[in-house]
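Text of the file upload-v5.txt, holding compact mmCIF, C-alpha atoms:
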```
# COMPACT_ATOMS: atom_id res chain seq x y z
CA MET W 1 18.86 -35.01 46.76
CA THR W 2 16.75 -37.54 48.68
CA ALA W 3 13.53 -36.12 47.20
CA LEU W 4 14.97 -36.40 43.68
CA THR W 5 15.97 -40.03 44.29
CA ILE W 6 12.47 -40.90 45.55
CA LEU W 7 10.93 -39.20 42.49
CA LEU W 8 13.16 -41.18 40.10
CA VAL W 9 12.27 -44.44 41.85
CA LEU W 10 8.55 -43.69 41.51
CA VAL W 11 8.94 -42.89 37.82
CA LEU W 12 10.83 -46.15 37.23
CA LEU W 13 8.13 -48.12 39.06
CA LEU W 14 5.45 -46.56 36.84
CA VAL W 15 7.44 -47.50 33.75
CA VAL W 16 7.84 -51.08 34.98
CA PHE W 17 4.11 -51.43 35.69
CA ALA W 18 3.26 -50.02 32.25
CA MET W 19 5.61 -52.49 30.54
CA LEU W 20 4.12 -55.40 32.53
CA PHE W 21 0.62 -54.34 31.48
CA ARG W 22 1.63 -54.17 27.82
CA LEU W 23 3.36 -57.55 28.09
CA GLN W 24 0.14 -59.07 29.45
CA ILE W 25 -1.82 -57.66 26.46
CA PHE W 26 0.70 -59.02 23.95
CA THR W 27 0.57 -62.46 25.62
CA SER W 28 -3.21 -62.48 25.36
CA ILE W 29 -3.10 -61.51 21.69
CA PHE W 30 -0.68 -64.28 20.77
CA SER W 31 -2.61 -66.87 22.78
CA GLY W 32 -5.91 -65.85 21.11
CA THR W 33 -7.64 -64.96 24.39
CA PHE W 34 -7.53 -61.16 23.88
CA THR W 35 -10.84 -59.46 23.10
CA ARG W 36 -11.68 -55.77 22.80
CA ASP W 37 -15.15 -54.54 23.71
CA ILE W 38 -15.98 -51.59 21.49
CA GLY W 39 -19.27 -50.76 23.19
CA MET W 40 -21.39 -47.67 22.42
CA SER W 41 -18.60 -45.13 22.77
CA ASN W 42 -17.50 -45.51 19.15
CA SER W 43 -21.02 -44.80 17.80
CA VAL W 44 -21.46 -41.89 20.19
CA ASN W 45 -18.20 -40.32 19.04
CA ALA W 46 -19.19 -40.79 15.38
CA ILE W 47 -22.51 -39.02 15.98
CA LEU W 48 -20.78 -36.25 17.91
CA MET W 49 -18.57 -35.70 14.86
CA LEU W 50 -21.64 -34.83 12.78
CA VAL W 51 -23.08 -32.69 15.58
CA PHE W 52 -19.84 -30.75 15.79
CA LEU W 53 -19.78 -30.28 12.00
CA VAL W 54 -23.34 -28.86 11.92
CA PHE W 55 -23.28 -26.70 15.06
CA GLY W 56 -19.65 -25.66 14.65
CA GLY W 57 -20.31 -24.58 11.07
CA ALA W 58 -23.44 -22.69 12.09
CA TRP W 59 -21.60 -20.90 14.91
CA PHE W 60 -18.77 -19.95 12.55
CA ALA W 61 -21.24 -18.55 10.01
CA TYR W 62 -23.03 -16.51 12.69
CA SER W 63 -19.77 -15.18 14.15
CA PHE W 64 -18.47 -14.27 10.69
CA VAL W 65 -21.61 -12.32 9.73
CA GLU W 66 -21.88 -10.65 13.14
CA ASN W 67 -18.28 -9.39 13.12
CA PHE W 68 -17.83 -8.76 9.41
CA ASN W 69 -17.85 -4.96 9.69
CA LYS W 70 -15.31 -5.05 12.52
CA MET W 71 -12.95 -7.14 10.44
CA ASN W 72 -13.44 -5.08 7.28
CA PRO W 73 -13.39 -1.32 7.88
CA PRO W 74 -14.43 0.90 4.95
CA ILE W 75 -11.78 1.32 2.26
CA ALA W 76 -10.26 4.79 1.89
CA SER W 77 -7.58 4.30 -0.76
CA ILE W 78 -7.47 3.49 -4.46
CA HIS W 79 -5.37 0.35 -4.24
CA GLY W 80 -7.40 -0.84 -1.24
CA HIS W 81 -10.24 -2.02 -3.48
CA GLU W 82 -7.87 -4.18 -5.51
CA MET W 83 -6.30 -5.63 -2.38
CA GLU W 84 -9.74 -6.35 -0.93
CA ARG W 85 -10.85 -8.08 -4.11
CA MET W 86 -7.75 -10.25 -4.15
CA PHE W 87 -8.20 -11.10 -0.49
CA TRP W 88 -11.76 -12.29 -0.92
CA ILE W 89 -10.95 -14.27 -4.07
CA THR W 90 -8.22 -16.04 -2.11
CA MET W 91 -10.55 -16.59 0.84
CA ALA W 92 -13.23 -17.99 -1.46
CA VAL W 93 -10.84 -20.48 -3.07
CA ILE W 94 -9.36 -21.57 0.25
CA GLY W 95 -12.77 -21.53 1.94
CA VAL W 96 -14.38 -23.83 -0.61
CA ALA W 97 -11.47 -26.29 -0.36
CA PHE W 98 -11.61 -26.13 3.44
CA ALA W 99 -15.37 -26.68 3.59
CA ILE W 100 -15.20 -29.70 1.26
CA THR W 101 -12.28 -31.40 3.00
CA GLN W 102 -13.56 -30.78 6.54
CA SER W 103 -17.08 -31.93 5.66
CA LEU W 104 -15.69 -35.14 4.18
CA LEU W 105 -13.50 -35.63 7.24
CA PHE W 106 -16.42 -35.57 9.68
CA VAL W 107 -18.89 -37.37 7.41
CA TYR W 108 -16.39 -40.18 6.71
CA SER W 109 -15.68 -40.47 10.43
CA TYR W 110 -19.37 -41.26 10.90
CA LYS W 111 -19.94 -43.33 7.76
CA TYR W 112 -16.91 -45.54 8.19
CA GLN W 113 -17.01 -46.05 11.94
CA TYR W 114 -15.99 -49.46 13.23
CA LYS W 115 -18.36 -52.33 12.53
CA GLU W 116 -17.78 -55.97 13.37
CA GLY W 117 -16.54 -57.97 10.39
CA ARG W 118 -15.99 -55.01 8.04
CA ARG W 119 -12.52 -54.64 6.59
CA ALA W 120 -11.03 -51.45 5.15
CA TYR W 121 -10.64 -51.24 1.38
CA PHE W 122 -6.99 -51.07 0.38
CA PHE W 123 -6.57 -48.38 -2.28
CA SER W 124 -2.90 -48.19 -3.18
CA HIS W 125 -2.52 -45.86 -6.14
CA ASN W 126 -4.30 -43.90 -8.89
CA ASN W 127 -2.29 -41.75 -11.28
CA LYS W 128 -5.30 -39.81 -12.58
CA ILE W 129 -6.43 -38.72 -9.12
CA GLU W 130 -2.91 -37.72 -8.10
CA VAL W 131 -2.46 -35.64 -11.26
CA ILE W 132 -5.82 -33.90 -10.66
CA TRP W 133 -5.19 -32.98 -7.03
CA THR W 134 -1.66 -31.82 -7.82
CA VAL W 135 -2.13 -29.88 -11.06
CA ILE W 136 -5.36 -28.03 -10.22
CA PRO W 137 -4.14 -26.60 -6.86
CA ALA W 138 -0.81 -25.70 -8.49
CA ILE W 139 -2.53 -23.72 -11.26
CA VAL W 140 -4.89 -21.95 -8.83
CA MET W 141 -2.09 -21.06 -6.40
CA ALA W 142 0.17 -19.84 -9.24
CA ALA W 143 -2.61 -17.54 -10.50
CA LEU W 144 -3.23 -16.13 -7.02
CA ILE W 145 0.47 -15.60 -6.37
CA PHE W 146 1.04 -13.92 -9.74
CA ALA W 147 -1.86 -11.51 -9.18
CA GLY W 148 -0.56 -10.71 -5.70
CA TRP W 149 2.96 -10.20 -6.99
CA LYS W 150 1.76 -7.70 -9.61
CA ALA W 151 -0.19 -5.68 -7.05
CA TRP W 152 2.61 -5.79 -4.49
CA THR W 153 5.34 -4.66 -6.87
CA ARG W 154 3.14 -1.78 -7.99
CA ILE W 155 2.48 -0.37 -4.51
CA THR W 156 6.01 -0.92 -3.22
CA GLY W 157 7.75 0.22 -6.41
CA PRO W 158 8.55 3.77 -7.52
CA ALA W 159 5.84 6.21 -6.49
CA PRO W 160 4.38 8.80 -8.89
CA LYS W 161 6.50 11.93 -9.27
CA ASP W 162 3.82 14.14 -7.71
CA SER W 163 3.72 12.10 -4.50
CA VAL W 164 3.72 13.70 -1.08
CA VAL W 165 6.54 12.15 0.97
CA VAL W 166 6.25 11.25 4.64
CA GLU W 167 8.93 9.42 6.58
CA LEU W 168 7.97 7.25 9.54
CA MET W 169 10.41 5.93 12.11
CA GLY W 170 9.22 3.30 14.54
CA LYS W 171 10.75 3.12 17.99
CA GLN W 172 9.77 1.67 21.31
CA PHE W 173 7.06 2.82 21.79
CA ASN W 174 5.84 5.53 19.43
CA TRP W 175 6.09 6.75 15.85
CA LEU W 176 8.29 9.63 14.71
CA VAL W 177 7.02 11.53 11.67
CA ARG W 178 9.13 13.68 9.32
CA TYR W 179 8.26 15.77 6.26
CA PRO W 180 10.60 17.39 3.75
CA GLY W 181 10.67 21.16 3.87
CA ARG W 182 10.25 23.66 1.08
CA ASP W 183 13.21 22.24 -0.87
CA MET W 184 11.17 19.03 -1.20
CA LYS W 185 14.16 16.92 -0.07
CA LEU W 186 14.50 14.84 3.05
CA GLY W 187 17.80 15.69 4.69
CA VAL W 188 20.49 13.39 6.04
CA VAL W 189 19.95 11.64 9.37
CA ASN W 190 22.68 10.12 11.53
CA TYR W 191 22.02 7.66 14.33
CA ARG W 192 25.04 9.06 16.23
CA MET W 193 23.13 12.32 16.68
CA ILE W 194 20.02 10.80 18.24
CA ASP W 195 19.28 12.10 21.73
CA ALA W 196 16.27 13.07 23.83
CA VAL W 197 15.65 16.20 21.71
CA ASN W 198 16.90 15.09 18.31
CA GLU W 199 15.03 11.78 18.24
CA PHE W 200 15.21 11.47 14.47
CA GLY W 201 18.96 12.10 14.39
CA PHE W 202 18.84 15.17 12.12
CA ASP W 203 22.26 16.05 10.75
CA LEU W 204 21.85 19.79 10.42
CA SER W 205 25.18 20.09 8.63
CA ASP W 206 23.18 18.94 5.60
CA LYS W 207 21.36 21.93 4.12
CA SER W 208 18.47 19.73 3.00
CA ALA W 209 17.77 18.86 6.65
CA LEU W 210 17.47 22.46 7.81
CA ASP W 211 13.87 22.88 6.63
CA ASP W 212 12.61 19.37 7.45
CA PHE W 213 9.94 19.30 10.13
CA THR W 214 8.41 16.73 12.47
CA THR W 215 4.82 16.38 13.65
CA ASN W 216 2.81 14.33 16.12
CA GLU W 217 0.04 13.67 13.59
CA ILE W 218 0.29 12.43 10.04
CA HIS W 219 -1.41 14.74 7.53
CA VAL W 220 -1.94 13.68 3.93
CA PRO W 221 -4.03 15.21 1.11
CA LYS W 222 -7.01 13.48 -0.45
CA GLY W 223 -6.58 12.30 -4.04
CA VAL W 224 -2.80 12.74 -4.09
CA PRO W 225 -0.30 9.81 -4.01
CA VAL W 226 1.46 9.52 -0.67
CA LEU W 227 4.85 7.82 -0.41
CA ILE W 228 5.54 6.43 3.06
CA LYS W 229 9.25 5.89 3.74
CA ILE W 230 9.67 3.59 6.70
CA ARG W 231 12.52 2.92 9.11
CA SER W 232 12.97 1.44 12.57
CA ARG W 233 15.24 2.73 15.30
CA ASP W 234 15.39 -0.40 17.41
CA VAL W 235 13.32 -3.56 16.82
CA LEU W 236 10.89 -4.87 14.22
CA HIS W 237 7.72 -2.77 13.95
CA ALA W 238 4.98 -2.63 11.31
CA VAL W 239 3.16 0.29 9.72
CA TYR W 240 -0.52 -0.70 9.68
CA MET W 241 -3.31 1.60 8.48
CA PRO W 242 -6.37 -0.64 8.08
CA HIS W 243 -8.66 1.82 6.29
CA PHE W 244 -6.01 2.43 3.62
CA ARG W 245 -5.11 -1.27 3.42
CA VAL W 246 -1.52 -0.34 4.14
CA GLN W 247 0.85 -2.68 5.95
CA MET W 248 4.63 -2.73 5.76
CA TYR W 249 7.34 -3.82 8.17
CA ALA W 250 9.67 -1.28 9.76
CA VAL W 251 12.96 -3.17 9.81
CA PRO W 252 16.10 -2.02 11.67
CA GLY W 253 18.81 -1.14 9.18
CA MET W 254 16.65 -1.72 6.09
CA PRO W 255 14.45 1.13 4.79
CA THR W 256 11.11 0.04 3.32
CA ARG W 257 8.40 1.95 1.47
CA PHE W 258 4.74 1.90 0.53
CA TRP W 259 2.66 4.35 -1.47
CA PHE W 260 -1.08 4.82 -1.63
CA THR W 261 -3.68 7.40 -2.66
CA PRO W 262 -6.31 8.42 -0.07
CA THR W 263 -9.85 8.74 -1.41
CA MET W 264 -11.83 9.99 1.60
CA THR W 265 -11.00 12.81 3.98
CA THR W 266 -11.30 12.30 7.71
CA ASP W 267 -14.47 14.43 7.74
CA GLU W 268 -16.00 12.39 4.91
CA MET W 269 -15.30 9.13 6.73
CA ARG W 270 -16.78 10.55 9.92
CA ALA W 271 -19.97 11.42 8.02
CA LYS W 272 -20.07 7.99 6.37
CA LEU W 273 -19.70 6.17 9.69
CA GLY W 274 -21.89 8.59 11.64
CA ASN W 275 -19.06 8.93 14.15
CA PRO W 276 -17.83 12.50 14.73
CA GLY W 277 -14.96 11.22 16.88
CA PHE W 278 -13.51 8.92 14.22
CA ASN W 279 -9.86 9.23 13.18
CA TYR W 280 -7.76 7.17 10.84
CA GLU W 281 -5.08 5.32 12.78
CA LEU W 282 -1.54 4.16 12.31
CA ALA W 283 -0.81 1.19 14.56
CA CYS W 284 2.09 -1.18 15.03
CA ASN W 285 0.80 -4.72 14.53
CA GLN W 286 4.04 -6.49 15.40
CA ILE W 287 4.53 -7.21 19.10
CA CYS W 288 7.57 -5.04 19.80
CA GLY W 289 7.75 -4.99 23.60
CA GLY W 290 5.89 -4.34 26.82
CA SER W 291 4.16 -1.14 25.66
CA HIS W 292 3.38 -2.31 22.13
CA PHE W 293 -0.31 -1.51 22.71
CA ALA W 294 0.49 2.21 22.98
CA MET W 295 2.28 2.48 19.65
CA LYS W 296 -0.31 4.44 17.69
CA ALA W 297 -0.55 7.67 15.72
CA THR W 298 -3.43 9.66 14.26
CA VAL W 299 -3.67 10.00 10.48
CA ILE W 300 -5.62 12.97 9.12
CA VAL W 301 -6.68 13.11 5.48
CA ASP W 302 -7.26 16.73 4.43
CA GLU W 303 -8.69 18.35 1.37
CA PRO W 304 -5.75 19.52 -0.80
CA ASP W 305 -6.26 23.19 0.13
CA ASP W 306 -6.42 22.37 3.83
CA TYR W 307 -3.27 20.29 3.51
CA GLN W 308 -1.46 23.21 1.87
CA ASN W 309 -2.50 25.52 4.71
CA TRP W 310 -1.39 22.98 7.31
CA TYR W 311 1.94 22.44 5.54
CA ALA W 312 2.61 26.16 5.30
CA ALA W 313 2.04 26.59 9.04
CA GLN W 314 4.70 24.06 10.08
CA GLU W 315 8.04 25.15 11.54
CA SER W 316 11.24 23.28 10.79
CA PHE W 317 12.98 21.18 13.42
CA ALA W 318 16.03 23.47 13.25
CA LYS W 319 13.90 26.55 13.94
CA LYS W 320 12.15 24.91 16.87
CA ASN W 321 15.41 23.60 18.34
CA PRO W 322 18.19 26.14 17.67
CA GLU W 323 20.28 24.61 20.44
CA VAL W 324 20.72 21.44 18.34
CA LEU W 325 22.22 23.46 15.50
CA ALA W 326 24.43 25.35 17.93
CA ALA W 327 25.64 22.12 19.53
CA LEU W 328 26.42 20.64 16.11
CA LYS W 329 28.93 23.42 15.40
CA GLN W 330 30.85 22.46 18.55
CA LYS W 331 31.16 18.75 17.65
CA PRO W 332 34.35 17.34 16.08
CA ALA W 333 34.40 17.48 12.31
CA SER W 334 35.16 13.74 12.18
CA MET W 335 31.81 12.96 13.76
CA VAL W 336 29.90 15.25 11.45
CA SER W 337 31.57 13.79 8.36
CA GLN W 338 30.35 10.32 9.28
CA ALA W 339 26.73 11.34 8.86
CA THR W 340 25.19 9.04 6.35
CA THR W 341 21.73 8.25 5.11
CA PRO W 342 20.26 5.34 3.14
CA ALA W 343 19.49 5.99 -0.50
CA GLU W 344 15.82 6.05 0.46
CA THR W 345 16.15 9.28 2.44
CA LYS W 346 18.28 11.05 -0.17
CA GLU W 347 15.60 10.74 -2.80
CA VAL W 348 14.11 13.94 -4.10
CA ALA W 349 10.57 14.27 -2.81
CA PRO W 350 8.56 16.41 -5.21
CA ALA W 351 5.25 17.53 -3.76
CA PRO W 352 3.42 20.14 -5.87
CA LEU W 353 0.91 20.72 -3.10
CA ALA W 354 3.67 22.12 -0.93
CA ALA W 355 5.98 23.52 -3.61
CA SER W 356 4.57 27.02 -3.44
CA TYR W 357 5.50 27.49 0.21
```
Would you put the structure from the file into C-alpha cells?
Amino acid sequence: MTALTILLVLVLLLVVFAMLFRLQIFTSIFSGTFTRDIGMSNSVNAILMLVFLVFGGAWFAYSFVENFNKMNPPIASIHGHEMERMFWITMAVIGVAFAITQSLLFVYSYKYQYKEGRRAYFFSHNNKIEVIWTVIPAIVMAALIFAGWKAWTRITGPAPKDSVVVELMGKQFNWLVRYPGRDMKLGVVNYRMIDAVNEFGFDLSDKSALDDFTTNEIHVPKGVPVLIKIRSRDVLHAVYMPHFRVQMYAVPGMPTRFWFTPTMTTDEMRAKLGNPGFNYELACNQICGGSHFAMKATVIVDEPDDYQNWYAAQESFAKKNPEVLAALKQKPASMVSQATTPAETKEVAPAPLAASY
C-alpha cells in the first residue's frame, strides 16, 4: 500500500510539472516573447522522406520480384486462372492508387516543408474534384465486386452432376476425410456417436453410411469436378489448397462447400517443378489453437483410371470397425433416432468414375 501511495504521488508531481511548463509557454505566447527555433531538423526530415520513398520503393520492388514464385504457386485448377486474373486486376488497381497517393504524400512533405513567412493556402471546397474522387472509385470498386461475386457464386453454388464428392471435417488438430461408397450417397452422421474410433460420428443405422469410407489422404481425379463438403467439429478452421486456389471456412454448425476441377496430376506437377517429392497440400490457414501448424493433409491428383483403382481398393468404415456396428445395436433406440445430418450430407453424390464399383 505504501509503494502504491508513493507511485501515485510521483505521478501527480509529474503532472503538476507538465502543467507548469505548459502554463509558462502559454504566458510567453500571449506576451509576445515566445519564439520557436526550427533549425535544420525540419529540412533533414523532409529529405529523409524522399530517401525513404526511393529506397523503400526499391526494396519493395526487389522483395516482390524475389519472392513472387513463393507467393504464387503454379495453378492446377480450371477456376484458378480466373481467380488469379481477378486478383491481379484488383492488385493493379489498388497498387496504382497506392503508388500515386504515397508518392504525393512524401513529395508534398518535402515540397511544402516549413519556411519562414510562408502561409498555407486555404482550399475549402470544390464540387468537381469531390465528384471525381467519389464517382470513379465507386464505379471501379463496383465492377471489381460484381466480377468477384459472379465467380464466387459459381464455385460455391451447385456442382456439376458428375462431380466426385469428398467431405472434410476439421478438428483440433487434423482433417478427417470421408467418401461416399458405392451407393454414391454420404450417410448420416451424428455428433452423439463421436468417440476415439468413430471420429466422424457415423450413424450406421443409416444404410447409406454402411459403405462410406475414410482415408488419411485426399484422392481426386484429374479433369473431373470435385465437390468439397466442409464441416468443423470444434472451432473455426479453413480449407486452403493454394495450388487449386481453393479456400473456404470450416464453420462449427454450418456446412460449407466449394467445387473445383483439377487440371494437373501430382506426377505432372512434380515434373513441372522438377521436384519428385512434391505433394499438393491441404492446410488450415485459420489459427485454431496451439497445434494449428500441424493441421495438414496430403492431396493426390490421380489420372481417372488410377483414381478408379484406388477407389475400388478402399474398405468401408463399417467393415474396418465391426465393433462400432455391434455397439450401435446395443444402444437405446431413442439415441439412434436422434441421428440427424445437415441437408449438405444427405445430398446424392453421383460420381461416374466410381459408379462401376
| Test item: residues at most 10 Å from Asp306 of chain W, all atoms listed in the file, excluding those fewer than 4 positions along its chain, as a list in words | His219, Val220, Pro221, Lys222, Val301, Asp302, Trp310, Tyr311 and Ala312 of chain W
| query | atom CA of Ala209 of chain W and atom CA of Asp195 of chain W, how far apart in Å? | reply |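 Between these atoms lies a distance of 16.6 Å.
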| request: Up to 10 Å from (-14.8, 2.1, -0.6) in the file's coordinates: name the residues, counting all atoms listed in the file, as a list in words. | output: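 Here the neighbourhood of the point contains Pro73, Pro74, Ile75, Ala76, Ser77, Ile78, Gly80, His81, Glu84, His243, Phe244, Thr263 and Met264 of chain W.
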| query | Rounded to one decimal in Å, what is the spacing between atom CA of Thr156 of chain W and atom CA of Phe258 of chain W? | reply | 4.9 Å
| said: At a cut-off of 10 Å, using only C-alpha atoms, what residues contact segment 278-282 of chain W? Leave out same-chain residues fewer than 4 positions from it and give the result as a count of residues only. | reply: 28
| Length of the atom CA of Ala250 of chain W to atom CA of Lys171 of chain W vector [Å] |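 Interatomic distance, atom CA of Ala250 of chain W to atom CA of Lys171 of chain W: 9.4 Å.
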| task | Check the smallest atom-to-atom distance from each of W:Met169, W:Ala61, W:Tyr307, W:Thr153 to Gly253 of chain W using only C-alpha atoms, then report the winner. | result |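 Of W:Met169, W:Ala61, W:Tyr307, W:Thr153, the one nearest Gly253 of chain W is W:Met169, counting only C-alpha atoms.
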| said: With distances taken over only C-alpha atoms, which residue among W:Met248, W:Val107, W:Ile89, W:Leu236 lies nearest Val54 of chain W? | reply: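 Selected residue with least distance to Val54 of chain W: W:Val107.
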| Counting only C-alpha atoms, which of W:Phe60, W:Phe317, W:Phe173, W:Trp259 gets nearest to Gly289 of chain W? |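 Checking each of W:Phe60, W:Phe317, W:Phe173, W:Trp259 against Gly289 of chain W, counting only C-alpha atoms, the winner is W:Phe173.
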Quick one: residues within 9 Å of Lys207 of chain W, only C-alpha atoms counted, chain neighbours fewer than 3 positions away excluded, as a PDB file with C-alpha atoms, keeping the file's coordinate frame?
```
ATOM      1  CA  GLY W 187      17.800  15.690   4.690  1.00  0.00           C
ATOM      2  CA  VAL W 188      20.490  13.390   6.040  1.00  0.00           C
ATOM      3  CA  ASP W 203      22.260  16.050  10.750  1.00  0.00           C
ATOM      4  CA  LEU W 204      21.850  19.790  10.420  1.00  0.00           C
ATOM      5  CA  LEU W 210      17.470  22.460   7.810  1.00  0.00           C
ATOM      6  CA  ASP W 211      13.870  22.880   6.630  1.00  0.00           C
TER       7      ASP W 211
END
```
Provide segment 229-252 of chain W rebuilt to N, CA and C atoms, formatted as an mmCIF file, in the coordinates of the input.
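Result file rebuild01.cif:
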```cif
data_model
loop_
_atom_site.group_PDB
_atom_site.id
_atom_site.type_symbol
_atom_site.label_atom_id
_atom_site.label_comp_id
_atom_site.auth_asym_id
_atom_site.auth_seq_id
_atom_site.Cartn_x
_atom_site.Cartn_y
_atom_site.Cartn_z
ATOM 1 N N LYS W 229 7.916 6.471 3.568
ATOM 2 C CA LYS W 229 9.250 5.890 3.740
ATOM 3 C C LYS W 229 9.365 5.444 5.200
ATOM 4 N N ILE W 230 9.800 4.230 5.388
ATOM 5 C CA ILE W 230 9.670 3.590 6.700
ATOM 6 C C ILE W 230 11.029 3.115 7.194
ATOM 7 N N ARG W 231 11.305 3.404 8.455
ATOM 8 C CA ARG W 231 12.520 2.920 9.110
ATOM 9 C C ARG W 231 12.204 2.544 10.545
ATOM 10 N N SER W 232 13.096 1.784 11.150
ATOM 11 C CA SER W 232 12.970 1.440 12.570
ATOM 12 C C SER W 232 14.249 1.837 13.289
ATOM 13 N N ARG W 233 14.081 2.305 14.530
ATOM 14 C CA ARG W 233 15.240 2.730 15.300
ATOM 15 C C ARG W 233 15.771 1.646 16.220
ATOM 16 N N ASP W 234 14.948 0.599 16.437
ATOM 17 C CA ASP W 234 15.390 -0.400 17.410
ATOM 18 C C ASP W 234 15.020 -1.825 16.999
ATOM 19 N N VAL W 235 13.743 -2.183 17.099
ATOM 20 C CA VAL W 235 13.320 -3.560 16.820
ATOM 21 C C VAL W 235 12.346 -3.561 15.642
ATOM 22 N N LEU W 236 11.836 -4.748 15.322
ATOM 23 C CA LEU W 236 10.890 -4.870 14.220
ATOM 24 C C LEU W 236 9.537 -4.281 14.606
ATOM 25 N N HIS W 237 9.052 -3.342 13.801
ATOM 26 C CA HIS W 237 7.720 -2.770 13.950
ATOM 27 C C HIS W 237 6.967 -2.997 12.630
ATOM 28 N N ALA W 238 5.736 -2.527 12.561
ATOM 29 C CA ALA W 238 4.980 -2.630 11.310
ATOM 30 C C ALA W 238 4.036 -1.453 11.189
ATOM 31 N N VAL W 239 4.082 -0.804 10.032
ATOM 32 C CA VAL W 239 3.160 0.290 9.720
ATOM 33 C C VAL W 239 1.844 -0.327 9.254
ATOM 34 N N TYR W 240 0.787 -0.101 10.005
ATOM 35 C CA TYR W 240 -0.520 -0.700 9.680
ATOM 36 C C TYR W 240 -1.592 0.368 9.729
ATOM 37 N N MET W 241 -2.194 0.656 8.573
ATOM 38 C CA MET W 241 -3.310 1.600 8.480
ATOM 39 C C MET W 241 -4.473 0.867 7.823
ATOM 40 N N PRO W 242 -5.360 0.283 8.622
ATOM 41 C CA PRO W 242 -6.370 -0.640 8.080
ATOM 42 C C PRO W 242 -7.306 -0.031 7.061
ATOM 43 N N HIS W 243 -7.716 1.225 7.231
ATOM 44 C CA HIS W 243 -8.660 1.820 6.290
ATOM 45 C C HIS W 243 -8.044 2.070 4.920
ATOM 46 N N PHE W 244 -6.708 2.222 4.888
ATOM 47 C CA PHE W 244 -6.010 2.430 3.620
ATOM 48 C C PHE W 244 -5.462 1.118 3.060
ATOM 49 N N ARG W 245 -5.661 0.035 3.781
ATOM 50 C CA ARG W 245 -5.110 -1.270 3.420
ATOM 51 C C ARG W 245 -3.607 -1.176 3.217
ATOM 52 N N VAL W 246 -2.965 -0.522 4.167
ATOM 53 C CA VAL W 246 -1.520 -0.340 4.140
ATOM 54 C C VAL W 246 -0.906 -1.168 5.274
ATOM 55 N N GLN W 247 0.068 -1.982 4.937
ATOM 56 C CA GLN W 247 0.850 -2.680 5.950
ATOM 57 C C GLN W 247 2.240 -2.939 5.407
ATOM 58 N N MET W 248 3.238 -2.521 6.172
ATOM 59 C CA MET W 248 4.630 -2.730 5.760
ATOM 60 C C MET W 248 5.498 -2.784 7.018
ATOM 61 N N TYR W 249 6.450 -3.703 7.033
ATOM 62 C CA TYR W 249 7.340 -3.820 8.170
ATOM 63 C C TYR W 249 8.287 -2.626 8.253
ATOM 64 N N ALA W 250 8.609 -2.241 9.480
ATOM 65 C CA ALA W 250 9.670 -1.280 9.760
ATOM 66 C C ALA W 250 10.839 -2.095 10.303
ATOM 67 N N VAL W 251 11.881 -2.243 9.496
ATOM 68 C CA VAL W 251 12.960 -3.170 9.810
ATOM 69 C C VAL W 251 14.224 -2.398 10.167
ATOM 70 N N PRO W 252 14.855 -2.708 11.306
ATOM 71 C CA PRO W 252 16.100 -2.020 11.670
ATOM 72 C C PRO W 252 17.167 -2.188 10.591
#
```
